[in-house]
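Here is the structure we will look at, set down as structure tokens.
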Amino acid sequence: MKFGSRILLFLLFAAAALFAFSCKQKAPAVGAYPVAAKDYLLVHDLEAGGAWVNAAVSCRGIPTPTVPSWQTAVNPCLKNVIFPVAGFTVNPASAGFFNESDSPCSGQPGCTNYRCVHILGSLTDPGDGSYPSYQLRLGLKSGTTYYDMSFFSGVKFYLKLPDSGDTVLLHNFNFNLSNTTPVPDGGECDNSNNGCYNNFAVKLDYTNGWVLKSFVWSEFARESWGIPVDPPTLSGENLKRVVNLEWQSKRNNVPGTSNIDLAVDEVRFF
């Protein structure tokens with residue numbers, strides 16, 4: 001190799017190394033952001049009993065609240081549409097928020113109460129077509145505005161669902177949409193022919209302690225009954241018409257009694 005070529009290769013290598021070093025130096029230092037920085041994908045952490053729902057919108061030019069400077073530094077393209085959450089509702093009302101020493105938030109910044117939300121009780125199904133169930137609902141509708149989660153790909157949360165050995169009991173995680181939810185429950189579905197409540201859902205399996213569950217929209221499906229929806233999948237306009245997130249335990253019209261024990265913590269979109 002000629003001497004001039006070697007010099008050229010050396011200079012190119014040096015320039016590349018300098019460029020990489022300069023880019024590395026521009027990266028934010030570890031710990032540069034506040035410990036209590038807002039998690040804009042967090043739906044509910046259950047620590048303070050309240051929460052915000054956030055829709056991440058990438059550079060679409062829509063009006064948004066002011067984004068804190070630390071968030072802009074992380075992603076200058078990130079904007080946020082924020083709705084206040086109506087909060088968790090549970091059926092039966094005796095279920096609710098509990099302190100859990102083994103909460104998944106333990107050791108994380110801002111985790112002080114070690115709280116989760118917990119459904120605990122006894123469910124009797126008479127098998128008469130009434131389909132009783134226990135539900136834990138997180139309200140995402142704000143006033144008359146349905147929640148738009150089309151900016152996201154999926155949802156994740158921590159679940160604790162001890163195996164009771166009950167093979168009849170079913171557990172689902174549902175999206176209650178305006179076109180599957182009756183008007184009294186916040187939707188627009190006409191339930192005069194009992195065609196509502198067939199929500200997009202995934203089955204929840206028993207866990208050994210706290211387990212992080214993660215689902216993308218394509219994993220959710222409806223059963224083959226009820227009022228048809230358009231589109232027939234959890235996509236398109238369906239993602240923009242969300243009333244609630246719902247965790248549900250039921251016997252599905254099988255006569256008998258089951259013990260319910262289901263806990264949820266740290267709900268996020270992604």
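Ordering of the structure tokens sets the chain letters (A, B, ...), residue numbers begin anew at 1 in every chain, and ligands are numbered from 1 in the order given.
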
Nearby residues (only C-alpha atoms) at most 6 Å from A:Phe270, same-chain spacing under 3 positions excluded, as a ChimeraX atom specification: /A:152-155

Please produce a file of the residues just selected, as a short mmCIF file (atom, residue, chain, number, x, y, z; two decimals), in the first residue's frame, where the atoms kept are N, CA and C atoms.
```cif
data_model
loop_
_atom_site.label_atom_id
_atom_site.label_comp_id
_atom_site.auth_asym_id
_atom_site.auth_seq_id
_atom_site.Cartn_x
_atom_site.Cartn_y
_atom_site.Cartn_z
N PHE A 152 -50.18 3.87 20.69
CA PHE A 152 -49.41 2.83 21.33
C PHE A 152 -49.53 1.50 20.59
N SER A 153 -48.68 0.56 20.98
CA SER A 153 -48.67 -0.78 20.38
C SER A 153 -49.26 -1.83 21.31
N GLY A 154 -49.28 -1.53 22.61
CA GLY A 154 -49.76 -2.53 23.55
C GLY A 154 -49.82 -2.00 24.96
N VAL A 155 -50.09 -2.90 25.89
CA VAL A 155 -50.24 -2.56 27.30
C VAL A 155 -49.52 -3.60 28.14
#
```

Spatial neighbours of stretch 157-171 of chain A, 10 Å, only C-alpha atoms, chain gap at least 2 places, as a VMD selection string: chain A and resid 42 to 45 103 to 105 116 118 123 133 to 135 155 173 to 174 201 to 215 247 to 269

Check stretch 85-267 of chain A with DSSP on the backbone and list each residue it calls helix (DSSP H, G or I), as a compact mmCIF listing (two decimals) with N, CA and C atoms, in the first residue's frame.
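Below is the file selection_1.txt, written as the result:
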```
# COMPACT_ATOMS: atom_id res chain seq x y z
N VAL A 183 -74.74 2.13 27.29
CA VAL A 183 -74.79 3.54 27.67
C VAL A 183 -74.66 3.75 29.18
N PRO A 184 -75.35 2.96 30.03
CA PRO A 184 -75.21 3.19 31.48
C PRO A 184 -73.79 3.01 32.00
N ASP A 185 -72.97 2.24 31.27
CA ASP A 185 -71.58 2.01 31.68
C ASP A 185 -70.60 2.93 30.97
N TRP A 217 -51.82 -5.23 20.65
CA TRP A 217 -53.24 -5.15 20.27
C TRP A 217 -53.70 -6.37 19.48
N SER A 218 -52.83 -6.95 18.65
CA SER A 218 -53.25 -8.08 17.82
C SER A 218 -53.56 -9.33 18.63
N GLU A 219 -53.20 -9.37 19.91
CA GLU A 219 -53.48 -10.53 20.75
C GLU A 219 -54.90 -10.52 21.30
N GLY A 236 -57.47 0.34 14.19
CA GLY A 236 -58.19 1.46 13.59
C GLY A 236 -58.99 2.27 14.59
N GLU A 237 -60.25 2.54 14.24
CA GLU A 237 -61.10 3.37 15.08
C GLU A 237 -61.38 2.75 16.44
N ASN A 238 -61.31 1.43 16.53
CA ASN A 238 -61.55 0.78 17.83
C ASN A 238 -60.55 1.24 18.89
N LEU A 239 -59.34 1.55 18.46
CA LEU A 239 -58.31 1.99 19.40
C LEU A 239 -58.57 3.40 19.92
N LYS A 240 -59.48 4.11 19.29
CA LYS A 240 -59.76 5.49 19.66
C LYS A 240 -61.05 5.65 20.45
```

Residue contacts of A:Glu188 (6 Å, only C-alpha atoms) excluding same-chain residues fewer than 5 positions away, as a list in words: Ser178, Asn179, Pro182 and Val183 of chain A

Keeping N, CA and C atoms, export the residues of the selection given above as an mmCIF file, in the first residue's frame.
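And here's out-v6.cif as it stands now:
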```
data_model
loop_
_atom_site.group_PDB
_atom_site.id
_atom_site.type_symbol
_atom_site.label_atom_id
_atom_site.label_comp_id
_atom_site.auth_asym_id
_atom_site.auth_seq_id
_atom_site.Cartn_x
_atom_site.Cartn_y
_atom_site.Cartn_z
ATOM 1 N N SER A 178 -66.521 1.848 23.259
ATOM 2 C CA SER A 178 -67.836 2.498 23.180
ATOM 3 C C SER A 178 -68.845 1.625 22.445
ATOM 4 N N ASN A 179 -68.383 0.830 21.457
ATOM 5 C CA ASN A 179 -69.321 0.020 20.678
ATOM 6 C C ASN A 179 -69.579 -1.358 21.276
ATOM 7 N N PRO A 182 -72.492 -0.750 27.097
ATOM 8 C CA PRO A 182 -73.806 -0.086 27.117
ATOM 9 C C PRO A 182 -73.728 1.352 27.623
ATOM 10 N N VAL A 183 -74.742 2.132 27.287
ATOM 11 C CA VAL A 183 -74.792 3.544 27.673
ATOM 12 C C VAL A 183 -74.661 3.747 29.181
#
```

DSSP-assigned strand (DSSP E) members of stretch 158-262 of chain A, reported as a ChimeraX atom specification: /A:158-160,170-177,200-203,211-216,242-250,256-262

Residue among A:Pro126, A:Asp148, A:Leu177, A:Leu41 lying closest to A:Val243, counting only C-alpha atoms: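 Selected residue with least distance to A:Val243: A:Leu177.
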